Each structure stands twice: as C-alpha cells, then as structure tokens.
file run09.txt (compact mmCIF, C-alpha atoms and all ligand atoms)
# COMPACT_ATOMS: atom_id res chain seq x y z
CA MET X 745 10.99 -67.93 70.12
CA ASP X 746 8.43 -65.75 68.43
CA GLU X 747 9.31 -65.14 64.79
CA LYS X 748 8.63 -61.62 63.58
CA LYS X 749 5.80 -61.32 61.10
CA ARG X 750 6.84 -60.48 57.58
CA ILE X 751 5.74 -57.34 55.76
CA LEU X 752 6.10 -56.63 52.06
CA SER X 753 5.18 -53.65 49.94
CA GLY X 754 6.29 -51.78 46.86
CA ILE X 755 5.73 -48.66 44.79
CA LYS X 756 6.08 -48.34 41.03
CA PRO X 757 8.84 -45.95 39.93
CA SER X 758 6.54 -44.57 37.28
CA GLY X 759 6.43 -41.06 38.75
CA ASP X 760 8.12 -39.04 41.46
CA LEU X 761 7.23 -39.89 45.05
CA THR X 762 4.66 -37.53 46.53
CA LEU X 763 3.76 -36.17 49.94
CA GLY X 764 0.79 -38.56 49.68
CA SER X 765 3.02 -41.62 49.24
CA TYR X 766 5.19 -40.44 52.14
CA MET X 767 2.37 -39.74 54.61
CA GLY X 768 0.18 -42.62 53.46
CA ALA X 769 2.84 -45.31 53.13
CA ILE X 770 6.58 -44.75 53.39
CA LYS X 771 6.53 -42.97 56.76
CA ASN X 772 4.70 -45.96 58.21
CA TRP X 773 7.00 -48.46 56.53
CA ALA X 774 9.98 -46.85 58.21
CA GLU X 775 8.35 -47.21 61.61
CA LEU X 776 7.64 -50.94 61.21
CA ALA X 777 11.28 -52.02 60.99
CA ASP X 778 11.69 -52.93 64.65
CA SER X 779 8.54 -54.97 65.02
CA TYR X 780 8.47 -56.77 61.65
CA ASP X 781 10.73 -58.39 59.09
CA CYS X 782 10.23 -55.91 56.24
CA PHE X 783 10.76 -56.22 52.49
CA TYR X 784 10.27 -53.07 50.40
CA PHE X 785 10.85 -52.99 46.69
CA LEU X 786 10.72 -50.80 43.60
CA ALA X 787 8.10 -52.26 41.26
CA ASP X 788 9.85 -51.54 37.96
CA LEU X 789 8.31 -54.62 36.28
CA HIS X 790 4.88 -53.24 37.05
CA ALA X 791 5.86 -49.76 35.84
CA ILE X 792 6.22 -50.89 32.21
CA THR X 793 2.54 -51.85 31.94
CA VAL X 794 2.32 -48.18 30.95
CA ARG X 795 4.84 -46.95 28.37
CA GLN X 796 7.94 -45.46 30.06
CA ASN X 797 10.85 -43.46 28.75
CA PRO X 798 13.84 -45.78 29.48
CA ALA X 799 16.23 -43.10 30.73
CA ASP X 800 13.54 -41.62 32.98
CA LEU X 801 12.58 -45.01 34.38
CA ARG X 802 16.20 -45.79 35.27
CA ARG X 803 16.74 -42.37 36.86
CA ARG X 804 13.47 -42.49 38.79
CA THR X 805 14.13 -46.01 40.07
CA LEU X 806 17.44 -44.94 41.60
CA ALA X 807 15.97 -41.67 42.88
CA GLN X 808 13.11 -43.59 44.48
CA LEU X 809 15.57 -45.92 46.19
CA ALA X 810 17.44 -42.88 47.54
CA GLN X 811 14.15 -41.42 48.77
CA TYR X 812 13.12 -44.65 50.54
CA ILE X 813 16.39 -44.44 52.50
CA ALA X 814 16.13 -40.69 53.08
CA CYS X 815 12.62 -41.24 54.48
CA GLY X 816 14.07 -43.49 57.15
CA ILE X 817 13.88 -46.98 55.66
CA ASP X 818 17.21 -48.21 56.93
CA PRO X 819 18.80 -50.74 54.53
CA GLU X 820 20.51 -52.38 57.50
CA LYS X 821 17.16 -53.20 59.11
CA ASN X 822 14.98 -53.71 56.02
CA THR X 823 15.42 -55.60 52.78
CA ILE X 824 15.19 -53.04 49.98
CA PHE X 825 15.43 -54.24 46.40
CA ILE X 826 14.56 -53.63 42.77
CA GLN X 827 11.89 -56.03 41.51
CA SER X 828 13.57 -56.79 38.16
CA HIS X 829 16.73 -57.88 40.01
CA VAL X 830 14.94 -60.92 41.38
CA PRO X 831 13.90 -63.08 38.41
CA ALA X 832 11.71 -65.26 40.62
CA HIS X 833 9.02 -62.54 40.42
CA THR X 834 8.45 -63.08 36.71
CA GLN X 835 8.97 -66.82 37.04
CA LEU X 836 6.32 -67.24 39.72
CA GLY X 837 4.20 -64.62 37.96
CA TRP X 838 3.88 -66.95 34.97
CA VAL X 839 2.93 -69.91 37.11
CA LEU X 840 0.31 -67.83 38.91
CA ASP X 841 -1.07 -66.62 35.56
CA CYS X 842 -2.09 -70.23 35.07
CA TYR X 843 -3.95 -70.23 38.39
CA THR X 844 -5.70 -66.90 37.92
CA MET X 845 -8.97 -66.77 36.03
CA PHE X 846 -9.71 -64.50 33.10
CA GLY X 847 -12.96 -63.53 34.81
CA GLU X 848 -11.17 -62.55 38.02
CA LEU X 849 -8.72 -60.30 36.19
CA SER X 850 -11.55 -58.75 34.16
CA ARG X 851 -13.24 -57.63 37.36
CA MET X 852 -10.27 -55.66 38.70
CA THR X 853 -11.23 -52.00 38.95
CA GLN X 854 -7.65 -50.81 38.40
CA PHE X 855 -7.57 -52.71 35.10
CA LYS X 856 -10.83 -51.10 34.03
CA ASP X 857 -9.62 -47.62 35.03
CA LYS X 858 -6.25 -48.02 33.37
CA SER X 859 -7.69 -49.46 30.18
CA ALA X 860 -9.95 -46.45 29.95
CA LYS X 861 -6.99 -44.10 30.46
CA ASN X 862 -4.62 -45.97 28.12
CA ALA X 863 -7.06 -47.01 25.42
CA ASP X 864 -4.23 -47.15 22.85
CA ASN X 865 -2.12 -49.56 24.94
CA ILE X 866 -4.31 -52.13 26.68
CA ASN X 867 -1.53 -54.70 26.81
CA ALA X 868 -1.54 -58.18 28.35
CA GLY X 869 0.75 -56.99 31.16
CA LEU X 870 -1.85 -54.47 32.27
CA PHE X 871 -4.33 -57.33 32.43
CA THR X 872 -2.10 -59.79 34.34
CA TYR X 873 -0.66 -57.08 36.59
CA PRO X 874 -2.45 -58.57 39.64
CA SER X 875 -0.98 -62.06 39.25
CA LEU X 876 2.53 -60.57 39.14
CA MET X 877 1.60 -58.61 42.24
CA ALA X 878 0.41 -61.84 43.86
CA ALA X 879 3.81 -63.36 43.03
CA ASP X 880 5.56 -60.37 44.67
CA ILE X 881 3.66 -61.04 47.85
CA ILE X 882 3.69 -64.80 48.18
CA LEU X 883 7.29 -65.34 47.07
CA TYR X 884 8.23 -63.87 50.44
CA GLN X 885 5.44 -65.64 52.35
CA ALA X 886 4.40 -62.18 53.55
CA ASP X 887 1.92 -62.02 56.43
CA LEU X 888 0.96 -58.40 55.97
CA VAL X 889 0.83 -56.17 52.92
CA PRO X 890 0.56 -52.43 53.65
CA VAL X 891 -1.45 -50.98 50.77
CA GLY X 892 -3.82 -48.14 50.09
CA GLU X 893 -7.52 -48.64 49.56
CA ASP X 894 -7.00 -48.83 45.77
CA GLN X 895 -4.82 -51.95 46.07
CA LYS X 896 -6.96 -53.92 48.48
CA GLN X 897 -8.77 -55.68 45.67
CA HIS X 898 -5.42 -56.99 44.37
CA VAL X 899 -4.56 -58.38 47.79
CA GLU X 900 -7.99 -60.03 47.93
CA LEU X 901 -7.27 -61.64 44.56
CA THR X 902 -3.90 -62.81 45.91
CA ARG X 903 -5.75 -64.49 48.75
CA ASN X 904 -8.00 -66.29 46.25
CA ILE X 905 -4.95 -67.50 44.31
CA VAL X 906 -3.30 -68.72 47.51
CA GLN X 907 -6.41 -70.61 48.50
CA ARG X 908 -6.75 -72.16 45.05
CA PHE X 909 -3.09 -73.20 44.83
CA ASN X 910 -2.91 -74.52 48.40
CA GLY X 911 -6.17 -76.36 47.78
CA VAL X 912 -4.70 -78.27 44.83
CA TYR X 913 -1.11 -78.82 46.05
CA GLY X 914 -1.33 -78.61 49.83
CA GLU X 915 -0.03 -75.83 52.07
CA THR X 916 2.49 -73.97 49.89
CA PHE X 917 1.87 -70.25 50.42
CA LYS X 918 1.17 -68.25 53.53
CA MET X 919 -2.18 -66.45 53.42
CA PRO X 920 -1.42 -62.69 53.26
CA GLU X 921 -3.56 -59.93 54.67
CA PRO X 922 -3.94 -56.31 53.63
CA PHE X 923 -2.53 -54.09 56.35
CA ILE X 924 -3.85 -50.61 56.79
CA PRO X 925 -1.63 -48.96 59.43
CA LYS X 926 -3.42 -47.07 62.22
CA MET X 927 -1.84 -43.76 61.36
CA GLY X 928 -2.16 -44.12 57.58
CA ALA X 929 -3.13 -40.71 56.30
CA ARG X 930 -4.95 -40.40 52.99
CA ILE X 931 -3.64 -37.17 51.52
CA MET X 932 -5.76 -35.49 48.88
CA SER X 933 -4.95 -33.12 46.02
CA LEU X 934 -4.41 -29.49 47.07
CA GLN X 935 -6.36 -28.35 44.00
CA HIS X 936 -9.09 -31.01 43.87
CA PRO X 937 -9.39 -32.20 47.48
CA GLU X 938 -12.07 -34.71 46.56
CA ASN X 939 -9.35 -36.71 44.71
CA LYS X 940 -6.30 -38.50 46.05
CA MET X 941 -3.03 -36.55 45.63
CA SER X 942 -1.67 -37.83 42.33
CA LYS X 943 1.55 -37.52 40.39
CA SER X 944 -0.40 -36.41 37.35
CA GLU X 945 -1.13 -33.10 39.08
CA THR X 946 2.42 -31.88 39.64
CA ASP X 947 2.13 -29.03 37.16
CA THR X 948 -1.05 -27.59 38.59
CA GLY X 949 0.11 -27.35 42.21
CA GLY X 950 -2.26 -30.10 43.36
CA CYS X 951 0.59 -32.45 44.14
CA ILE X 952 3.73 -32.04 46.26
CA CYS X 953 6.72 -34.21 45.40
CA LEU X 954 9.33 -35.11 48.01
CA LEU X 955 12.09 -33.45 45.99
CA ASP X 956 10.19 -30.19 45.32
CA SER X 957 11.99 -26.97 46.27
CA PRO X 958 10.82 -25.07 49.38
CA ASP X 959 9.55 -22.22 47.20
CA ASP X 960 7.48 -24.55 45.04
CA ILE X 961 6.02 -26.13 48.17
CA ARG X 962 5.13 -22.73 49.70
CA ARG X 963 3.54 -21.62 46.44
CA SER X 964 1.42 -24.78 46.15
CA PHE X 965 0.10 -24.38 49.69
CA LYS X 966 -0.66 -20.71 49.15
CA ARG X 967 -2.80 -21.70 46.17
CA ALA X 968 -4.45 -24.65 47.92
CA VAL X 969 -8.21 -24.80 47.52
CA THR X 970 -10.25 -24.16 50.70
CA ASP X 971 -13.85 -22.91 51.00
CA SER X 972 -15.72 -19.71 51.71
CA GLU X 973 -16.48 -20.37 55.36
CA MET X 974 -13.25 -19.10 56.96
CA SER X 975 -13.00 -21.56 59.82
CA VAL X 976 -10.28 -24.13 60.38
CA ARG X 977 -12.39 -27.15 61.19
CA CYS X 978 -12.21 -30.81 60.16
CA ASP X 979 -15.49 -31.70 58.48
CA PRO X 980 -16.48 -33.81 55.46
CA SER X 981 -18.16 -30.76 53.93
CA LYS X 982 -14.78 -28.98 54.03
CA PRO X 983 -12.47 -31.38 52.13
CA GLY X 984 -9.79 -28.79 51.32
CA VAL X 985 -9.40 -27.50 54.88
CA SER X 986 -9.66 -31.00 56.38
CA ASN X 987 -6.90 -32.22 54.09
CA LEU X 988 -4.62 -29.32 55.05
CA MET X 989 -5.31 -30.05 58.73
CA GLN X 990 -4.46 -33.70 58.18
CA ILE X 991 -1.16 -32.74 56.54
CA TYR X 992 -0.40 -30.30 59.35
CA ALA X 993 -1.23 -32.99 61.93
CA VAL X 994 1.22 -35.46 60.40
CA CYS X 995 3.95 -32.77 60.22
CA THR X 996 3.54 -31.50 63.77
CA GLY X 997 2.03 -34.42 65.69
CA LYS X 998 -0.81 -32.15 66.84
CA THR X 999 -4.41 -33.37 67.13
CA MET X 1000 -7.29 -31.93 65.11
CA ASP X 1001 -8.61 -30.19 68.25
CA GLU X 1002 -5.27 -28.57 68.92
CA ILE X 1003 -5.08 -27.36 65.34
CA GLU X 1004 -8.61 -25.92 65.49
CA ARG X 1005 -7.70 -23.98 68.61
CA GLU X 1006 -4.38 -22.82 67.19
CA PHE X 1007 -6.07 -21.21 64.19
CA ASP X 1008 -9.26 -20.08 65.87
CA GLY X 1009 -10.09 -16.58 64.62
CA ARG X 1010 -7.15 -16.53 62.19
CA GLY X 1011 -7.63 -16.40 58.43
CA TYR X 1012 -7.04 -19.13 55.85
CA GLY X 1013 -4.05 -17.20 54.51
CA GLU X 1014 -2.15 -17.62 57.76
CA PHE X 1015 -3.29 -21.22 58.12
CA LYS X 1016 -2.15 -22.21 54.63
CA GLU X 1017 1.19 -20.50 55.16
CA ALA X 1018 1.70 -22.40 58.41
CA VAL X 1019 0.93 -25.73 56.73
CA GLY X 1020 3.30 -24.93 53.86
CA GLU X 1021 6.04 -24.03 56.32
CA ALA X 1022 5.49 -27.25 58.31
CA VAL X 1023 5.80 -29.29 55.11
CA VAL X 1024 8.98 -27.44 54.13
CA THR X 1025 10.41 -28.23 57.57
CA LEU X 1026 9.42 -31.88 57.22
CA LEU X 1027 10.73 -32.36 53.69
CA THR X 1028 13.94 -30.31 53.75
CA PRO X 1029 16.10 -32.93 55.50
CA ILE X 1030 14.53 -35.69 53.36
CA ARG X 1031 15.23 -33.79 50.13
CA GLU X 1032 18.79 -32.97 51.13
CA GLU X 1033 19.58 -36.52 52.17
CA ALA X 1034 17.95 -37.97 49.05
CA GLN X 1035 19.97 -35.64 46.82
CA ARG X 1036 23.16 -36.60 48.61
CA LEU X 1037 22.36 -40.30 48.08
CA ILE X 1038 21.33 -39.84 44.43
CA ALA X 1039 24.84 -38.47 43.83
CA ASP X 1040 26.41 -41.44 45.64
CA LYS X 1041 25.93 -44.09 42.96
CA ALA X 1042 28.34 -46.54 44.57
CA TYR X 1043 26.37 -46.52 47.80
CA LEU X 1044 23.01 -47.01 46.07
CA GLU X 1045 24.53 -49.88 44.11
CA SER X 1046 25.74 -51.54 47.29
CA VAL X 1047 22.25 -51.23 48.78
CA TYR X 1048 20.35 -52.69 45.83
CA ARG X 1049 22.88 -55.48 45.35
CA ALA X 1050 22.71 -56.57 48.97
CA GLY X 1051 18.91 -56.24 48.85
CA ALA X 1052 18.65 -58.39 45.71
CA ASP X 1053 20.87 -61.06 47.30
CA LYS X 1054 18.76 -61.25 50.44
CA ALA X 1055 15.47 -61.13 48.55
CA SER X 1056 16.60 -63.79 46.05
CA GLN X 1057 17.41 -66.26 48.80
CA VAL X 1058 13.89 -66.11 50.17
CA ALA X 1059 12.20 -65.90 46.77
CA GLU X 1060 14.09 -68.78 45.20
CA LYS X 1061 13.24 -71.08 48.05
CA THR X 1062 9.54 -70.49 47.42
CA LEU X 1063 9.95 -70.79 43.66
CA ARG X 1064 11.75 -74.16 43.96
CA LYS X 1065 8.93 -75.46 46.10
CA VAL X 1066 6.35 -74.32 43.54
CA TYR X 1067 8.22 -75.78 40.56
CA LYS X 1068 8.39 -79.10 42.34
CA LYS X 1069 4.71 -79.08 43.30
CA VAL X 1070 3.46 -78.31 39.80
CA GLY X 1071 5.62 -81.11 38.36
CA PHE X 1072 8.62 -79.47 36.69
CA VAL X 1073 11.77 -81.63 36.44
CA ALA X 1074 14.51 -80.32 38.72
CA ARG X 1075 17.58 -79.18 36.81
N1 LIG Z 1101 0.32 -52.30 42.64
C1 LIG Z 1101 0.97 -51.48 43.64
C2 LIG Z 1101 0.61 -50.01 43.36
O1 LIG Z 1101 0.27 -49.66 42.26
C3 LIG Z 1101 2.45 -51.67 43.63
C4 LIG Z 1101 2.79 -53.09 43.94
C5 LIG Z 1101 3.28 -54.01 43.08
C6 LIG Z 1101 2.66 -53.72 45.21
N2 LIG Z 1101 3.49 -55.20 43.73
C7 LIG Z 1101 3.11 -55.06 45.03
C8 LIG Z 1101 2.20 -53.29 46.48
C9 LIG Z 1101 3.10 -55.97 46.08
C10 LIG Z 1101 2.19 -54.22 47.51
C11 LIG Z 1101 2.64 -55.55 47.32
O2 LIG Z 1101 0.70 -49.21 44.26
call {"tool": "encode", "arguments": {"input": "run09.txt", "output": "structure tokens"}}
result
Amino acid sequence: MDEKKRILSGIKPSGDLTLGSYMGAIKNWAELADSYDCFYFLADLHAITVRQNPADLRRRTLAQLAQYIACGIDPEKNTIFIQSHVPAHTQLGWVLDCYTMFGELSRMTQFKDKSAKNADNINAGLFTYPSLMAADIILYQADLVPVGEDQKQHVELTRNIVQRFNGVYGETFKMPEPFIPKMGARIMSLQHPENKMSKSETDTGGCICLLDSPDDIRRSFKRAVTDSEMSVRCDPSKPGVSNLMQIYAVCTGKTMDEIEREFDGRGYGEFKEAVGEAVVTLLTPIREEAQRLIADKAYLESVYRAGADKASQVAEKTLRKVYKKVGFVAR
C-alpha cells in the first residue's frame, strides 16, 4: 500500500493572520488534507524570538488556532497543535544546534533582516531560529514543507543538517523538500504593492486581516494604490492593479483574461469596489466561524490536546532514535 506523503508547516502567532497568509498558505493547506498526511502547528516558540506581550501571545495563539479551523483545516483530518505543547521540539532543537554551524546561521537572510530591525534585542534564539525550525520539520520526518519564498533558505539549511547528521549516524531523518503549491498566490500590500502584505501595515490599510470587519475591508480596498493608466491589466509595470486582480482571481476562481474582459472600459473605482466586495464575501463566513470558535474555549482545548497527543507520539519516536544515536543513556 502506498503511504501518504507527510506535510508539515507552521505560522508564528506573533501577529494576526492576514489575507496574504490565507491566500498564500492556509487555503492551500486545507486542500491538501485528502492527498497527504498533514501536520500544521502554531509556532509559539519561534514567536518569542521577538519580544511579545504574554496576554496578547496567548490570545493570538488561540485565535490563530480558531482561524486555521475556520479556514477549512479540519482537525479530524489534520494534526493541528501548538509547538510548545510538544517538548521534543526544543529537545531536538538543542541537539541540532550542535550540528549547525555558526557560519551557516550567520548567512541566513532572515537573521540579518531581523537583527537590523531589532537591534536592541539580537538574542541567541533569533540566531538559532533555523535549527529549531529544522527540528520542527524532521521530528515528523516530513517529506514536504509548504513555505513562502522567504523561508526556503531555512528549508535548505534543514536539508544540510539532515545530510550532515545522516552522514555521521546513518539514515536517521527523511530529507525534506520545500513545497511551493501550484496555486500559491503571493499577495502584496494594498498600499505598497512592491512589498509583501505584512502584519506591520494593518493601521495604514495596506494589510487585510482575516478578522477585519466588512467596512474596514471595503475601506482598505477603496484606498488601494493603483496607477494612472486606467486599465485593468495584469502587468509587472502595474503592481497595484495586478495584485488586486490576483486577489479577485483567488476569490472568484476567474482567470486573468476573464477579469480583464469583465472590467474592460470600467474605471478603477468600480474595479476596486468589486474586489473589496469579493473579499468581504470570502472572509465573512471565515470571520464568523472563527469568532464562534474563539468563544468556544472547551472545543479549542479539545483540539489542541488531541493534536499535541498525536504530534507527540510521532515526535518522541524520532527524538528517542536521535538520543540513542548520539550516545545518551536511555532512562
Ligand atoms: N519560520 C516560519 C515563518 O516565519 C514558521 C515556521 C517555524 C515553520 N517552524 C516551521 C514553517 C517549520 C514551516 C516548517 O513563517
């Protein structure tokens, strides 16, 4: 019998989930459940590499779990868990720290970017972030890791660690691969369409969060940056319009050609309103379901407990193997 390939991915609960994280990642995750054995987690250990307010982190972690489910990640078909609930992540993370080179970590572009942005808090966790991420992946012997472009380098590093460890101790870890789904949309900021949509832009209307109210969403799309050409056409020289078309395409399932024809001869005002309305239609059921789940603490608890149990079983098996290989005495 053909075993299903295993998929693993996670998002840090360090900010609210955005339309970009939905269209670029979570929507695809939900669709993989039938063909793959999927593990999705909330990377709270990774979140504290940047200072967090404790109450906010706790609230956002639970809200993010509710949003995963509201976006269609069915806890009956997927293993959904909170990273800090499975101690094997930190345990393997330490071991992998000892098989990851200072030079390798120094070359990570995310580390360089984040150190520049958090110059007053360049902590060791920020530096070893990628070896913890490698532990996340190989604890589950994941075949495929759906990630955005910005995380590919970390998956490449994971592959180097796997090769190094397997080289010394024999086949221990499965070699993972970055997985960029066919339909993965890269959604850009509505205000600065040359940049990825980012949580740091929520106040300026550049970013849409999954729990935003319909009026806020409509307002942000009305203010979205376009260009002076007045034609709805997908073209690299028209990043604002192209991004809006991309968003509209994901919402409606229409092709770029169909969208061009639909708005031929109509102004940007009408176009932006239509995109805003399509996003409101897409997000309303997600927001309502997420809010219902956020209020149902007992249900969320049952989901993350069951997820942690399932995840721990797989993770601990790998960890025991590693402890034995490196020479620790079994307890
Ligand atoms: N580093 C990822 C991000 O910032 C989150 C993450 C942590 C992750 N561990 C992972 C993603 C393991 C995929 C697999 O988006």
call {"tool": "closest_atom_pairs", "arguments": {"input": "run09.txt", "of": "segment 864-941 of chain X", "to": "segment 822-827 of chain X", "cutoff": "12 Å", "atoms": "all atoms listed in the file", "output": "tab-separated table"}}
result
residue	atom	partner	partner_atom	distance
X:Leu876	CA	X:Gln827	CA	10.7
X:Met877	CA	X:Gln827	CA	10.6
X:Ala879	CA	X:Gln827	CA	11.0
X:Asp880	CA	X:Gln827	CA	8.3
X:Ile881	CA	X:Gln827	CA	11.5
X:Leu883	CA	X:Gln827	CA	11.8
X:Tyr884	CA	X:Thr823	CA	11.2
call {"tool": "residues_near_ligand", "arguments": {"input": "run09.txt", "ligand": "ligand LIG 1101 (chain Z)", "cutoff": "6 Å", "atoms": "all atoms listed in the file", "output": "list in words"}}
result
Leu752, Ser753, Gly754, Ile755, Lys756, Ala787, Met877, Asp880, Ile881, Val889 and Val891 of chain X
call {"tool": "closest_residue", "arguments": {"input": "run09.txt", "among": "X:Leu761, X:Thr805, X:Ile751, X:Glu1017", "to": "Ser942 of chain X", "atoms": "only C-alpha atoms"}}
result
X:Leu761
call {"tool": "closest_atom_pairs", "arguments": {"input": "run09.txt", "of": "segment 846-890 of chain X", "to": "segment 895-900 of chain X", "cutoff": "10 Å", "atoms": "all atoms listed in the file", "output": "JSON lines"}}
result
{"residue": "X:Leu849", "atom": "CA", "partner": "X:His898", "partner_atom": "CA", "distance": 9.4}
{"residue": "X:Arg851", "atom": "CA", "partner": "X:Gln897", "partner_atom": "CA", "distance": 9.6}
{"residue": "X:Met852", "atom": "CA", "partner": "X:Gln897", "partner_atom": "CA", "distance": 7.1}
{"residue": "X:Thr853", "atom": "CA", "partner": "X:Gln897", "partner_atom": "CA", "distance": 8.0}
{"residue": "X:Gln854", "atom": "CA", "partner": "X:Gln895", "partner_atom": "CA", "distance": 8.3}
{"residue": "X:Tyr873", "atom": "CA", "partner": "X:His898", "partner_atom": "CA", "distance": 9.1}
{"residue": "X:Pro874", "atom": "CA", "partner": "X:His898", "partner_atom": "CA", "distance": 5.8}
{"residue": "X:Ser875", "atom": "CA", "partner": "X:His898", "partner_atom": "CA", "distance": 8.5}
{"residue": "X:Met877", "atom": "CA", "partner": "X:His898", "partner_atom": "CA", "distance": 7.5}
{"residue": "X:Ala878", "atom": "CA", "partner": "X:Val899", "partner_atom": "CA", "distance": 7.2}
{"residue": "X:Ile881", "atom": "CA", "partner": "X:Val899", "partner_atom": "CA", "distance": 8.6}
{"residue": "X:Leu888", "atom": "CA", "partner": "X:Val899", "partner_atom": "CA", "distance": 9.9}
{"residue": "X:Val889", "atom": "CA", "partner": "X:Val899", "partner_atom": "CA", "distance": 7.8}
{"residue": "X:Pro890", "atom": "CA", "partner": "X:Lys896", "partner_atom": "CA", "distance": 9.2}
call {"tool": "atom_distance", "arguments": {"input": "run09.txt", "atom1": "atom CA of Gly892 of chain X", "atom2": "atom CA of Thr970 of chain X"}}
result
24.8 Å
call {"tool": "residues_around", "arguments": {"input": "run09.txt", "residues": "segment 747-750 of chain X", "least_positions_apart": "6", "cutoff": "8 Å", "atoms": "all atoms listed in the file", "output": "PyMOL selection string"}}
result
chain X and resi 779-783+885-888
call {"tool": "write_last_selection", "arguments": {"input": "run09.txt", "atoms": "C-alpha atoms", "output": "mmCIF file, in the frame of the given file"}}
result
data_model
loop_
_atom_site.group_PDB
_atom_site.id
_atom_site.type_symbol
_atom_site.label_atom_id
_atom_site.label_comp_id
_atom_site.auth_asym_id
_atom_site.auth_seq_id
_atom_site.Cartn_x
_atom_site.Cartn_y
_atom_site.Cartn_z
ATOM 1 C CA SER X 779 8.540 -54.970 65.020
ATOM 2 C CA TYR X 780 8.470 -56.770 61.650
ATOM 3 C CA ASP X 781 10.730 -58.390 59.090
ATOM 4 C CA CYS X 782 10.230 -55.910 56.240
ATOM 5 C CA PHE X 783 10.760 -56.220 52.490
ATOM 6 C CA GLN X 885 5.440 -65.640 52.350
ATOM 7 C CA ALA X 886 4.400 -62.180 53.550
ATOM 8 C CA ASP X 887 1.920 -62.020 56.430
ATOM 9 C CA LEU X 888 0.960 -58.400 55.970
#
call {"tool": "atom_distance", "arguments": {"input": "run09.txt", "atom1": "atom CA of Ala814 of chain X", "atom2": "atom CA of Leu1026 of chain X"}}
result
11.8 Å
call {"tool": "residues_near_point", "arguments": {"input": "run09.txt", "point": "(17.3, -35.6, 47.1)", "cutoff": "12 Å", "atoms": "only C-alpha atoms", "output": "ChimeraX atom specification"}}
result
/X:760-761,804,806-815,953-957,1027-1040
call {"tool": "closest_residue", "arguments": {"input": "run09.txt", "among": "X:Val830, X:Met932, X:Ile792, X:Ala993", "to": "Ala1050 of chain X", "atoms": "all atoms listed in the file"}}
result
X:Val830
call {"tool": "closest_residue", "arguments": {"input": "run09.txt", "among": "X:Phe855, X:Tyr843, X:Phe871, X:Phe1007", "to": "Phe909 of chain X", "atoms": "only C-alpha atoms"}}
result
X:Tyr843
call {"tool": "closest_residue", "arguments": {"input": "run09.txt", "among": "X:Ala1018, X:Ser981, X:Lys821, X:Lys1061", "to": "Glu1006 of chain X", "atoms": "all atoms listed in the file"}}
result
X:Ala1018
call {"tool": "residues_near_point", "arguments": {"input": "run09.txt", "point": "(0.1, -18.7, 50.0)", "cutoff": "10 Å", "atoms": "only C-alpha atoms", "output": "VMD selection string"}}
result
chain X and resid 961 to 968 1012 to 1020
call {"tool": "residues_around", "arguments": {"input": "run09.txt", "residues": "Met989 of chain X", "least_positions_apart": "5", "cutoff": "8 Å", "atoms": "all atoms listed in the file", "output": "PDB file with C-alpha atoms, in the frame of the given file"}}
result
ATOM      1  CA  VAL X 976     -10.280 -24.130  60.380  1.00  0.00           C
ATOM      2  CA  CYS X 978     -12.210 -30.810  60.160  1.00  0.00           C
ATOM      3  CA  MET X1000      -7.290 -31.930  65.110  1.00  0.00           C
ATOM      4  CA  ILE X1003      -5.080 -27.360  65.340  1.00  0.00           C
ATOM      5  CA  VAL X1019       0.930 -25.730  56.730  1.00  0.00           C
TER       6      VAL X1019
END
call {"tool": "atom_distance", "arguments": {"input": "run09.txt", "atom1": "atom CA of Lys771 of chain X", "atom2": "atom CA of Asp818 of chain X"}}
result
11.9 Å
call {"tool": "closest_residue", "arguments": {"input": "run09.txt", "among": "X:Glu1021, X:Asp979, X:Ala799, X:Ala1059", "to": "Cys995 of chain X", "atoms": "only C-alpha atoms"}}
result
X:Glu1021
call {"tool": "residues_around", "arguments": {"input": "run09.txt", "residues": "Leu763 of chain X", "least_positions_apart": "4", "cutoff": "9 Å", "atoms": "all atoms listed in the file", "output": "list in words"}}
result
Met767, Gly768, Ile931, Met941, Cys951, Ile952, Cys953, Leu954, Ile991, Val1023 and Leu1027 of chain X
